[in-house]
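Engineer: I'd like to ask you about the structure that follows.
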Amino acid sequence: MCNLRSFFTPLLAVLLLQSLVVVVSAQGSASTWKTLTGNRPLVIARGGFSGLFPDSSSVAFQFATLTSLPDVVLWCDVQLTKDGVGICAPDLRLDNSTSIAQVMKNKDKLYLVNGIPTRGWFTVDFTLNELSLVFLTQGIYSRSERFDYIYPIQTVEDVANLKPPGLWLNIQYDAFFKQHNLSMRSYVLSLSRRVVINHLSSPEVGFLRGIVKRFNLNITKLVFRFLESNVIEPSTNETYGSLSMNFTFIKTFASGILIPKSYIWPLDASNYLQPHTSIVSDAHKAGLEVFVSEFYNDVPLSYNYSYDPVTEYLRFVDNGEFSVDGMLSDFPVTPSATIACFHGLGKNDTPQVNLSVISKNGASGDYPGCTDLAYQKAILDGADVIDCPVQISKDGIPFCLGSINLYDSTTVAQSIYSNREQNIPQIKAGSGIFTFSLTWSEIQNLIPVISNPYSKYELLRNPKFKNSGKFLTLSDFLALAKNTSSLSGVLISIENAAYLIEKEGLPITDKVLEVLSLAGYDDPTSKKVMIESTNSSVLMKFRDESNYELVYRIEEDIQDAEDAALKDIKDFASSVVISKASVFPESSSFLSGVTNVVPKLQSHGLSVYVETFSNEFVSQAWDFFSDSTVEINSYVMGVNISGVITEFPLTSARYKRNRCLGKELPSYMSPAQPGGLMQLISPFALPPAEPPNPVLTAPDVVEGPLPSHTASPPPVPGGGATAVPPGAPNGLPKIGACIFLSNLAMLITILLLL
């Protein structure tokens, strides 16, 4: 361990950190805040940037100051060593945040902590000199362990010597230290003569009342920290819930309170938000500032937030009724961007960057994909283009569904049609019940199922509405889009065309052309139509028979593309869709570099769209800080892509309106530096190198023409092409025909619940 420390010096860490971010001061909006003072809320970095690095490590503290607002406050949980030195550690016990169990074997002890028998390696049993042999580790096992065993324990004065804009000390266990003949009161009073302490918090009334007259309250704000509402505060023998009703008493020894976020926005048993309480306004009336804890990007949020941490922060600072005075976060970059870039944004604010937001099966992160509810949500969320992956029924009706296999997005396996299972290796390995095996009327009887791609991590999507909505025919989808003035166009994707024509006698490309024409999309003044496929033969068919924008989707992750392949693509397409990994390859969820794919495609005159963006933090590399906005920003500002294809259009639509996208990006809106975090990993902990992705070649692209279909297609029943109703005056879809009317009331109810 000592050799490792000498290898990785603090100076090297600082230099690498500075290379990762562009430090630009940004004060954010001049909007009036509904905080107690009218100033913008504080960002408080709990243990530094502890969502990525070991809590209270030097690198965590330094990274927090480099990636946050200029007035970020560093939070230190103060513990005392055997010789009375204050150190920063998240708990009395060091076994969950350091290597002490390996270094000091068999030196764990059993103590009573607030009356509860607790075993572990306690700070009070070791001197600072003994702890110099111990290194910090990540205490939350779902986070990366790659930065473990590098950084030593920090004293409070080590952190103060970093000269942070603000220093917040939290004293959690004063009574415990007294039992071990250590005085936290004496320590903080002595420290305050040498170090500026901006905030001092404790959940113990007795401790704060004992020091309130010894501090200059113009320099140091005392903050009473609330624990869970049913926990008893030892000094008063009252529950914290009871104390939250007596702010007059709290005001006698504190100028603020620190509360868990559930005190403001409680959740029901299903993890949905309930109406907010009055605690913020009550505290403000009593003259108390309100700080909020328990903000983590990588912990499942209320379903109302759609796994988007910016949406959660905005609920606390930009809800139109109140704003908290500060937020305690493991990922301070996110509240920094929320406060400076997104506060006060309206849906009609001017976009600051040229970016097409294209839905993936509608807003399929919020509702079952390709249902009316998913499309309506995508429109309300600000998508520029909504998509329809076209499938075709047994009776020749083209409709929107994310997969040709009904198993993937419906309850067909539990239906009366379960006996229609087939194995068709040309389409998909394994068995399935395919769309062309059921008529449109039969498909309409199926119940939609929301996509849950990260269910193995227990990250489920909007379970209250997991089976809501109805599927749309292509013509109904086109009518919805045509009557929505906020949309710039539609994207129609077609796969398995050759099989459907040759084996099933279903000319899907002809059907799509027919419905588009009947819906009025041949008119040059109509909305943009994008036709997407992984098959060049499909796009060549449309090239010869239409003037639509043709989009070639490259299925594989690629590291490069031959010029010959790009010249072939340019012959039948003007745009390309590539995967995220084709831009930023990863190694064990760390960005290992950036490819030349995007600039090379653009040099051949091809627009580049990237897929698929999701909000769930497990879908993102560590370099994006478990924040979907950071990920989007890195693709847009880092490599200048033309558009994103996303299951959560709100996140991308809001991103492109944010006020921080100027010529000089602030640090919290700077794109990730590919490979930057890997430089901070010790050589012994580096993830193994991944094999390189393939290079796209001309044979990968070129295909023969689609098989011909000479049989006359069956007449299109009522579910096919329909007349397009006139647009609504307000530009939103006029939902009057087919199935939209039956679901309008449901949509309004859902939006009120969220």
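Identifiers in the structure tokens: chain A, B, ... in order shown; residue index from 1 per chain; ligand index from 1 in order shown.
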Need the shell around Tyr313 in chain A: protein/DNA/RNA residues with any atom at most 9 Å away, counting only C-alpha atoms. Skip same-chain ones fewer than 6 positions apart. Format as a short mmCIF file (atom, residue, chain, number, x, y, z; two decimals) with N, CA and C atoms, in the first residue's frame?

Structural biologist:
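Result file out_7.cif:
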data_model
loop_
_atom_site.label_atom_id
_atom_site.label_comp_id
_atom_site.auth_asym_id
_atom_site.auth_seq_id
_atom_site.Cartn_x
_atom_site.Cartn_y
_atom_site.Cartn_z
N PHE A 295 -29.69 13.32 -1.36
CA PHE A 295 -29.72 13.40 -2.82
C PHE A 295 -28.60 12.52 -3.38
N MET A 327 -28.84 22.02 -0.83
CA MET A 327 -29.05 20.59 -1.06
C MET A 327 -27.74 19.85 -0.85
N THR A 334 -24.60 17.84 -10.36
CA THR A 334 -25.99 17.85 -10.81
C THR A 334 -26.79 19.00 -10.21
N PRO A 335 -26.77 19.21 -8.88
CA PRO A 335 -27.48 20.40 -8.38
C PRO A 335 -26.85 21.70 -8.87
N THR A 338 -28.36 22.20 -12.22
CA THR A 338 -29.79 22.47 -12.04
C THR A 338 -30.03 23.93 -11.67
N ILE A 339 -29.26 24.41 -10.72
CA ILE A 339 -29.44 25.78 -10.22
C ILE A 339 -29.03 26.81 -11.27
#

Engineer: I need the residues of range 483-601 of chain A that end up classed as strand (DSSP E or B) by DSSP on the backbone, written out as a ChimeraX atom specification.

Structural biologist: /A:489-494,528-533,549-553,560-561,575-579,586-587,590-591

Engineer: Which residues are close to Gly241 in chain A, i.e. within 12 Å by only C-alpha atoms, leaving aside same-chain residues fewer than 2 positions away? Reply as a PyMOL selection string.

Structural biologist: chain A and resi 225-233+237-239+243-247+259-260+262-263+279

Engineer: Report as CSV: every residue of range 604-697 of chain A with an atom at most 10 Å from range 298-304 of chain A, its closest pair of atoms, and their distance in Å to one decimal, counting only C-alpha atoms, with rows sorted by chain and ascending residue number.

Structural biologist:
residue,atom,partner,partner_atom,distance
A:Glu616,CA,A:Asp298,CA,8.4
A:Phe617,CA,A:Asp298,CA,6.0
A:Val618,CA,A:Asp298,CA,8.0
A:Phe625,CA,A:Asp298,CA,8.7
A:Ser626,CA,A:Asp298,CA,5.9
A:Asp627,CA,A:Asp298,CA,8.5

Engineer: Under the rule that only C-alpha atoms are counted, which of A:Leu131, A:Leu92, A:Ala383, A:Cys76 is the nearest residue to Phe176 in chain A?

Structural biologist: A:Leu92

Engineer: Might you pull out every residue within 12 Å of range 354-357 of chain A, with only C-alpha atoms counted and same-chain residues fewer than 3 positions away left off, and present them as a VMD selection string?

Structural biologist: chain A and resid 350 to 351 360 362 to 363 378 to 379 381 to 387 486 to 491 607 to 613 632 to 633 635 to 637 640 to 657 661

Engineer: Please, could you write that set of residues out with N, CA and C atoms as a short mmCIF file (atom, residue, chain, number, x, y, z; two decimals), in the first residue's frame?

Structural biologist:
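Output saved as selection37.cif:
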data_model
loop_
_atom_site.label_atom_id
_atom_site.label_comp_id
_atom_site.auth_asym_id
_atom_site.auth_seq_id
_atom_site.Cartn_x
_atom_site.Cartn_y
_atom_site.Cartn_z
N THR A 350 -36.01 29.50 -25.97
CA THR A 350 -35.29 29.26 -27.22
C THR A 350 -34.20 28.21 -27.04
N PRO A 351 -34.14 27.22 -27.92
CA PRO A 351 -33.05 26.25 -27.86
C PRO A 351 -31.69 26.94 -28.03
N LYS A 360 -37.84 7.29 -28.88
CA LYS A 360 -37.63 5.86 -29.11
C LYS A 360 -38.89 5.15 -28.66
N GLY A 362 -41.82 6.42 -28.80
CA GLY A 362 -42.48 7.43 -27.97
C GLY A 362 -41.68 7.62 -26.69
N ALA A 363 -42.35 8.13 -25.67
CA ALA A 363 -41.69 8.25 -24.37
C ALA A 363 -41.79 6.91 -23.67
N ALA A 378 -44.38 12.04 -25.22
CA ALA A 378 -43.21 12.51 -25.97
C ALA A 378 -43.46 13.91 -26.53
N ILE A 379 -44.67 14.14 -27.02
CA ILE A 379 -45.01 15.46 -27.57
C ILE A 379 -45.01 16.51 -26.46
N ASP A 381 -43.45 16.44 -23.74
CA ASP A 381 -42.10 16.58 -23.20
C ASP A 381 -41.17 17.36 -24.11
N GLY A 382 -41.60 17.63 -25.34
CA GLY A 382 -40.80 18.47 -26.22
C GLY A 382 -40.01 17.75 -27.28
N ALA A 383 -40.38 16.51 -27.62
CA ALA A 383 -39.70 15.82 -28.72
C ALA A 383 -39.88 16.61 -30.01
N ASP A 384 -38.84 16.61 -30.84
CA ASP A 384 -38.94 17.23 -32.17
C ASP A 384 -39.52 16.27 -33.18
N VAL A 385 -39.16 15.00 -33.03
CA VAL A 385 -39.57 13.95 -33.97
C VAL A 385 -40.06 12.77 -33.15
N ILE A 386 -41.23 12.25 -33.49
CA ILE A 386 -41.69 11.00 -32.87
C ILE A 386 -41.55 9.88 -33.89
N ASP A 387 -41.34 8.68 -33.38
CA ASP A 387 -40.97 7.55 -34.23
C ASP A 387 -42.03 6.47 -34.24
N SER A 486 -45.86 21.48 -32.75
CA SER A 486 -44.54 21.49 -32.12
C SER A 486 -43.59 20.48 -32.73
N LEU A 487 -44.11 19.48 -33.44
CA LEU A 487 -43.26 18.47 -34.05
C LEU A 487 -42.71 18.94 -35.39
N SER A 488 -41.45 18.63 -35.63
CA SER A 488 -40.87 18.95 -36.94
C SER A 488 -40.99 17.79 -37.91
N GLY A 489 -41.22 16.59 -37.40
CA GLY A 489 -41.32 15.47 -38.31
C GLY A 489 -41.57 14.15 -37.62
N VAL A 490 -41.53 13.09 -38.43
CA VAL A 490 -41.72 11.72 -37.93
C VAL A 490 -40.58 10.87 -38.46
N LEU A 491 -40.25 9.85 -37.70
CA LEU A 491 -39.28 8.85 -38.13
C LEU A 491 -39.98 7.50 -38.20
N SER A 607 -25.58 13.37 -41.69
CA SER A 607 -25.97 13.75 -40.33
C SER A 607 -25.87 12.52 -39.44
N VAL A 608 -25.53 12.73 -38.16
CA VAL A 608 -25.30 11.61 -37.25
C VAL A 608 -26.25 11.71 -36.06
N TYR A 609 -27.07 10.68 -35.90
CA TYR A 609 -27.93 10.53 -34.73
C TYR A 609 -27.39 9.37 -33.90
N VAL A 610 -27.51 9.50 -32.58
CA VAL A 610 -26.97 8.47 -31.68
C VAL A 610 -28.10 7.89 -30.83
N GLU A 611 -28.05 6.58 -30.62
CA GLU A 611 -29.05 5.90 -29.79
C GLU A 611 -28.36 4.93 -28.83
N THR A 612 -29.07 4.45 -27.82
CA THR A 612 -30.35 4.92 -27.29
C THR A 612 -30.04 5.53 -25.92
N PHE A 613 -30.60 6.71 -25.68
CA PHE A 613 -30.36 7.40 -24.41
C PHE A 613 -31.48 7.05 -23.43
N ILE A 632 -25.81 13.32 -22.18
CA ILE A 632 -26.27 13.98 -23.41
C ILE A 632 -25.32 15.11 -23.78
N ASN A 633 -24.96 15.92 -22.80
CA ASN A 633 -24.07 17.05 -23.05
C ASN A 633 -22.73 16.61 -23.63
N TYR A 635 -22.11 14.05 -25.57
CA TYR A 635 -22.25 13.70 -26.98
C TYR A 635 -22.49 14.94 -27.85
N VAL A 636 -23.23 15.90 -27.30
CA VAL A 636 -23.55 17.08 -28.10
C VAL A 636 -22.36 18.04 -28.17
N MET A 637 -21.83 18.42 -27.01
CA MET A 637 -20.73 19.39 -26.98
C MET A 637 -19.38 18.73 -27.24
N ASN A 640 -20.46 16.86 -31.24
CA ASN A 640 -21.32 17.62 -32.15
C ASN A 640 -22.24 16.73 -32.99
N ILE A 641 -22.95 15.83 -32.32
CA ILE A 641 -23.91 14.99 -33.03
C ILE A 641 -25.13 15.83 -33.44
N SER A 642 -25.89 15.29 -34.38
CA SER A 642 -27.06 16.02 -34.91
C SER A 642 -28.32 15.79 -34.09
N GLY A 643 -28.38 14.64 -33.43
CA GLY A 643 -29.60 14.34 -32.69
C GLY A 643 -29.43 13.15 -31.79
N VAL A 644 -30.36 13.04 -30.84
CA VAL A 644 -30.38 11.90 -29.92
C VAL A 644 -31.68 11.14 -30.11
N ILE A 645 -31.60 9.84 -29.94
CA ILE A 645 -32.78 8.99 -29.95
C ILE A 645 -32.95 8.49 -28.53
N THR A 646 -34.07 8.84 -27.92
CA THR A 646 -34.18 8.69 -26.48
C THR A 646 -35.52 8.14 -26.05
N GLU A 647 -35.48 7.35 -24.98
CA GLU A 647 -36.71 6.83 -24.37
C GLU A 647 -37.34 7.85 -23.41
N PHE A 648 -36.59 8.92 -23.09
CA PHE A 648 -37.05 9.95 -22.17
C PHE A 648 -36.85 11.32 -22.82
N PRO A 649 -37.72 11.72 -23.74
CA PRO A 649 -37.51 12.96 -24.49
C PRO A 649 -37.41 14.21 -23.62
N LEU A 650 -38.05 14.23 -22.45
CA LEU A 650 -38.03 15.42 -21.61
C LEU A 650 -36.61 15.83 -21.26
N THR A 651 -35.76 14.86 -20.91
CA THR A 651 -34.41 15.17 -20.48
C THR A 651 -33.62 15.86 -21.58
N SER A 652 -33.73 15.36 -22.80
CA SER A 652 -32.99 15.95 -23.92
C SER A 652 -33.59 17.27 -24.36
N ALA A 653 -34.92 17.36 -24.37
CA ALA A 653 -35.56 18.61 -24.80
C ALA A 653 -35.25 19.75 -23.83
N ARG A 654 -35.22 19.43 -22.54
CA ARG A 654 -34.86 20.45 -21.55
C ARG A 654 -33.39 20.82 -21.69
N TYR A 655 -32.54 19.83 -21.93
CA TYR A 655 -31.10 20.08 -22.05
C TYR A 655 -30.81 21.13 -23.12
N LYS A 656 -31.43 21.02 -24.27
CA LYS A 656 -31.04 21.91 -25.37
C LYS A 656 -31.52 23.34 -25.18
N ARG A 657 -32.36 23.58 -24.16
CA ARG A 657 -32.79 24.95 -23.85
C ARG A 657 -31.98 25.55 -22.71
N LEU A 661 -25.27 26.88 -22.24
CA LEU A 661 -24.62 26.43 -23.48
C LEU A 661 -24.11 27.62 -24.28
#

Engineer: I need the alpha helix (DSSP H) residues of range 529-624 of chain A per DSSP on the backbone, written as a list in words.

Structural biologist: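 Put together, the selection reads Ser536, Ser537, Val538, Leu539, Met540, Lys541, Phe542, Arg543, Asp544, Glu545, Asp563, Ala564, Ala565, Leu566, Lys567, Asp568, Ile569, Lys570, Asp571, Phe572, Val597, Val598, Pro599, Lys600, Leu601, Gln602 and Ser603 of chain A.
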
Engineer: Save out the residues we just selected, C-alpha atoms, as an mmCIF file, in the first residue's frame.

Structural biologist:
data_model
loop_
_atom_site.group_PDB
_atom_site.id
_atom_site.type_symbol
_atom_site.label_atom_id
_atom_site.label_comp_id
_atom_site.auth_asym_id
_atom_site.auth_seq_id
_atom_site.Cartn_x
_atom_site.Cartn_y
_atom_site.Cartn_z
ATOM 1 C CA SER A 536 -29.898 -0.551 -47.601
ATOM 2 C CA SER A 537 -32.400 -2.343 -49.852
ATOM 3 C CA VAL A 538 -35.284 -0.726 -47.963
ATOM 4 C CA LEU A 539 -33.778 2.730 -48.248
ATOM 5 C CA MET A 540 -33.063 2.254 -51.956
ATOM 6 C CA LYS A 541 -36.729 1.416 -52.442
ATOM 7 C CA PHE A 542 -37.709 4.730 -50.830
ATOM 8 C CA ARG A 543 -34.954 6.616 -52.629
ATOM 9 C CA ASP A 544 -36.488 5.630 -55.929
ATOM 10 C CA GLU A 545 -40.078 6.368 -54.942
ATOM 11 C CA ASP A 563 -14.385 5.391 -47.031
ATOM 12 C CA ALA A 564 -15.847 2.932 -49.518
ATOM 13 C CA ALA A 565 -18.575 2.009 -47.038
ATOM 14 C CA LEU A 566 -19.403 5.660 -46.418
ATOM 15 C CA LYS A 567 -19.574 6.405 -50.134
ATOM 16 C CA ASP A 568 -22.029 3.531 -50.526
ATOM 17 C CA ILE A 569 -24.141 4.824 -47.639
ATOM 18 C CA LYS A 570 -24.188 8.297 -49.146
ATOM 19 C CA ASP A 571 -25.679 6.785 -52.296
ATOM 20 C CA PHE A 572 -28.895 5.806 -50.529
ATOM 21 C CA VAL A 597 -16.679 7.792 -36.425
ATOM 22 C CA VAL A 598 -18.773 10.956 -36.013
ATOM 23 C CA PRO A 599 -16.400 13.404 -37.777
ATOM 24 C CA LYS A 600 -15.765 10.843 -40.511
ATOM 25 C CA LEU A 601 -19.479 10.393 -41.184
ATOM 26 C CA GLN A 602 -19.974 14.149 -41.144
ATOM 27 C CA SER A 603 -17.092 14.643 -43.585
#

Engineer: Have a look at A:Ile501, A:Val134, A:Leu200, A:Ile578 and name the one nearest to Ser533 in chain A; count only C-alpha atoms.

Structural biologist: A:Ile578

Engineer: Quick one: residues within 9 Å of Val85 in chain A, only C-alpha atoms, excluding same-chain residues fewer than 3 positions away - as a PDB file with C-alpha atoms, in the first residue's frame?

Structural biologist:
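Here's the written file selection20.pdb:
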ATOM      1  CA  GLN A  79     -15.020  11.890  13.919  1.00  0.00           C
ATOM      2  CA  LEU A  80     -12.402  12.002  16.669  1.00  0.00           C
ATOM      3  CA  THR A  81      -9.389   9.721  16.895  1.00  0.00           C
ATOM      4  CA  LYS A  82      -8.013   8.238  20.104  1.00  0.00           C
ATOM      5  CA  THR A 127      -4.446   7.336  16.882  1.00  0.00           C
ATOM      6  CA  LEU A 128      -3.990   9.438  13.780  1.00  0.00           C
ATOM      7  CA  THR A 155      -8.083  15.463   8.834  1.00  0.00           C
ATOM      8  CA  VAL A 156     -10.503  18.356   9.068  1.00  0.00           C
ATOM      9  CA  TYR A 187     -12.420  20.263  19.585  1.00  0.00           C
TER      10      TYR A 187
END

Engineer: Using CA of Pro688 in chain A and CA of Ser57 in chain A as the two end points, give the distance in Å to one decimal.

Structural biologist: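 Calculated distance between CA of Pro688 in chain A and CA of Ser57 in chain A is 25.1 Å.
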
Engineer: Mind checking which residues fall within 8 Å of Pro164 in chain A, counting only C-alpha atoms, ignoring those fewer than 5 positions away in the same chain, and posting them as a PyMOL selection string?

Structural biologist: chain A and resi 65+72-74+159

Engineer: For CA of Ser329 in chain A and CA of Ala45 in chain A, quote the distance in Å rounded to one decimal.

Structural biologist: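 Value for the CA of Ser329 in chain A-CA of Ala45 in chain A distance: 5.4 Å.
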
Engineer: Excluding range 316-320 of chain A and residues on its chain fewer than 2 positions from it, collect all residues at most 8 Å away from it, counting only C-alpha atoms, and give them as a list in words.

Structural biologist: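 Contacts, in chain order: Lys34, Pro41, Glu312, Tyr313, Leu314, Phe322, Ser323, Val324, Ile339, His343 and Gly344 of chain A.
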
Engineer: With distances taken over only C-alpha atoms, which residue among A:Leu110, A:Leu438, A:Leu459, A:Leu506 lies nearest Tyr307 in chain A?

Structural biologist: A:Leu459
